[in-house]
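All remarks here apply to the structure that follows.
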Amino acid sequence: MSTQQSQTSSSSGNVILIPHIERSRDRRIRAAVYCRVSSKHEDQEYSLENQIKHYSETIGADPRYELIEIYYDFGISGFKEARPGFQRMLEESKDGKFELVITKSITRFARNTGTVLDATRLLRRRGIGVYFELQQINTLGEGGELLMTLFAAFGQAESEANRLGSKMTIKRKADRQEPIQQIQRVFGYTKNADGEIVPDENADRVLEIFEMAADGFTVGQITNYLNCEGVTTQTGAKFYRTTVTRILKNEEYKGDFVQFKHYVDEHRKLRKNCGEISMLYYAENHVPIVTNELWEKAQRALGVRQKSKPEPEEKAPLDNFPYKDQLYCAKCGHRLMRSYTGGKNRWICSGKEKFTGSFCSGVSIPDEVVRSWGAFSEDRYITETTDRGRVTGFTYEDSISWHRNHTEKRHSHNAPALSEENYPYKDRIFCKYCGGKLRRIIANNGSVKWICNNSSRYGKAICKGVRVPDEMLQSLRDYPGIVYIGKEIIDGKECYGYSRKPDQKVG
């Protein structure tokens with residue numbers, strides 16, 4: 001019997017050909033399994049599950065072997081070395097976790113000859129063999145590496161030939177101006193029984209998005225509106241600004257289709273096509289959801305907003321605003337406070353700032369609007385007028401009229417008064433990142449936190465900010481000095497630290 005034959009046993013049914021490894025009679029061989037499928041299609045996922053189940057049942061039931069681990073990668077090409085399951089297997093082999101790796105075939109292990117040789121040689125140096133079931137090769141056996149190298153080279157050549165054939169097919173279809181593929185997973189479209197791309201139940205939402213953009217709504221306003229309405233994407237996720245932007249920039253909604261927006265480079269990585277290869281534009285490829293006119297109008301509106309950036313206003317001292325104590329939020333009755341964000345002076349609800357958005361949704365009015373009202377001496381309670389979440393204007397009423405139908409909203413949880421007795425450190429705590437003072441806010445559940453005033457009023461462009469629970473400051477009650485507080489995440493836990501100087505001084 002040849003050496004190769006002596007290292008395997010015959011198989012039938014669910015018995016796997018496994019190489020013979022010398023072992024003592026009272027010890028089972030510690031074996032690991034590696035599985036891989038290269039795409040994320042449902043049938044491939046089923047194939048992976050079957051592989052895992054098969055090896056669990058056969059090797060797990062064999063008294064000669066102790067099944068240590070099944071490593072696997074799903075939807076990753078065998079040409080890539082950065083495979084999480086594959087890399088974890090190599091990493092855990094350092095500690096002698098197993099002494100044999102069983103895999104279906106050389107091409108399942110890796111498609112690249114170099115990767116096959118590097119990995120098997122590494123494992124061999126650690127005393128670990130790799131058994132390829134289809135080829136019946138054991139890398140620890142005599143002549144195993146030579147046979148493996150030949151099979152791997154043939155496998156790589158076959159894969160390259162298939163890739164070249166696919167490229168030729170794509171080129172021939174492109175020459176005939178025939179789309180290689182239809183649009184996939186696009187919000188507002190689906191395939192009918194005949195495989196045709198047709199609008200679905202979300203098409204009306206797509207039309208509404210384009211109409212809102214054309215009417216002057218910003219991407220942020222459209223995003224907020226969709227989320228407030230409970231609309232989700234085709235995968236059930238919430239909308240983000242990038243999601244809405246992609247919809248508005250997608251020519252597929254006017255019935256056209258662009259081939260080769262992305263391509264696979266020589267390293268088999270998907271790249272965005274920035275002119276490296278020619279794109280193909282197919283007009284009137286499928287049923288449109290929006291007209292060409294509406295699509296173009298939305299693009300012009302987006303372009304105008306991107307180009308029109310107003311000059312920043314001066315961050316003037318409060319004494320420059322004679323009406324600073326006369327503006328109130330009509331929703332909760334709390335006074336408006338000045339905020340300077342994005343180069344704009346605005347007046348925002350102090351109730352929302354102090355007690356969070358669950359207490360009051362708030363009002364935010366540009367200072368230029370208040371100035372346009374001219375001089376006034378009475379208190380004004382201000383309300384926003386909105387259209388689908390977009391603020392379109394402001395109205396106000398005087399104090400007598402407002403109090404006739406409203407009372408100032410009180411927080412349901414009465415936190416201690418903001419006094420030196422209750423918070424002896426209140427004037428001595430500052431933000432480590434900008435040097436700004438920390439101010440108290442009260443959450444809807446009554447908990448007290450201290451937040452960076454600069455970050456809250458002027459935005460994260462000024463300071464990333466810090467938010468400190470009041471209970472974390474109790475050690476400072478008897479400390480007389482000034483402290484600058486920052487937060488770090490250590491081992492997944494929030495940790496607060498104090499310093500005597502800030503990272504920088506802002507304002």
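Ligands are numbered from 1 in the order shown, residues from 1 within each chain, and chains are lettered A, B, ... in the order they appear in the structure tokens.
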
Selection: 12 Å around A:Val244, only C-alpha atoms, excl. self and same-chain fewer than 2 positions, as a PyMOL selection string:
chain A and resi 187+205-206+208-210+212-213+217-227+232-233+238-242+246-250+302

Contacts of A:Ser475 at 10 Å or less, counting only C-alpha atoms, minus same-chain residues fewer than 4 places along, as a PyMOL selection string?
chain A and resi 425+471+479

Output for the residues just chosen: C-alpha atoms as a compact mmCIF listing (two decimals), in the first residue's frame:
```txt
# COMPACT_ATOMS: atom_id res chain seq x y z
CA TYR A 425 -18.87 72.64 43.20
CA GLU A 471 -23.18 61.41 41.42
CA TYR A 479 -12.55 70.21 47.29
```

List the spatial neighbours of A:Pro469 as a ChimeraX atom specification - criterion: any atom at most 9 Å away, only C-alpha atoms, same-chain residues fewer than 2 positions off excluded.
/A:447-451,467,471-473

Pick out each residue of stretch 189-363 of chain A that DSSP on the backbone tags as helix (DSSP H, G or I); I need them as a VMD selection string.
chain A and resid 203 to 214 219 to 228 241 to 249 251 to 254 292 to 307 318 to 320 350 to 355

Quick check, in Å to one decimal: how far apart do atom CA of A:Gln87 and atom CA of A:Leu140 lie?
20.8 Å

If you run DSSP over the backbone, which residues in stretch 421-485 of chain A end up strand (DSSP E)? Put them as a list in words.
Ile429, Phe430, Cys431, Leu438, Arg439, Arg440, Ile441, Ile442, Val448, Lys449, Trp450, Ile451, Cys452, Arg467, Val468, Pro469, Val483, Tyr484 and Ile485 of chain A

Here is a test: counting only C-alpha atoms, which residue of A:His334, A:Lys487, A:Arg108, A:Lys97 is nearest to A:Phe132?
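Ranking A:His334, A:Lys487, A:Arg108, A:Lys97 by distance to A:Phe132, first place goes to A:Arg108.
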
Within 8 Å of A:Lys331, counting only C-alpha atoms, which residues qualify if same-chain residues fewer than 3 places away don't, as number ranges by chain?
A: 360-363, 383

Go through A:Gly342, A:Gly216, A:Gly333, A:Pro63 and flag the residue nearest A:Pro312, using only C-alpha atoms for the distances.
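For A:Pro312, the nearest of the candidates is A:Gly342.
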
Would you mind reading off the distance between atom CA of A:Gly129 and atom CA of A:Gly114, one decimal, in Å?
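A separation of 17.3 Å between them.
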
Judged by only C-alpha atoms, the minimum distance to A:Gln136 among A:Arg300, A:Lys460, A:Arg428, A:Lys104 is found for A:Lys104

To one decimal place in Å, what is the distance between atom CA of A:Arg500 and atom CA of A:Ile485?
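Going from atom CA of A:Arg500 over to atom CA of A:Ile485 covers 9.0 Å.
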
Out of A:Pro366, A:Lys315, A:Asn50, A:Ile68, which residue has the shortest atom-to-atom distance to A:Arg28 when counting only C-alpha atoms?
A:Ile68
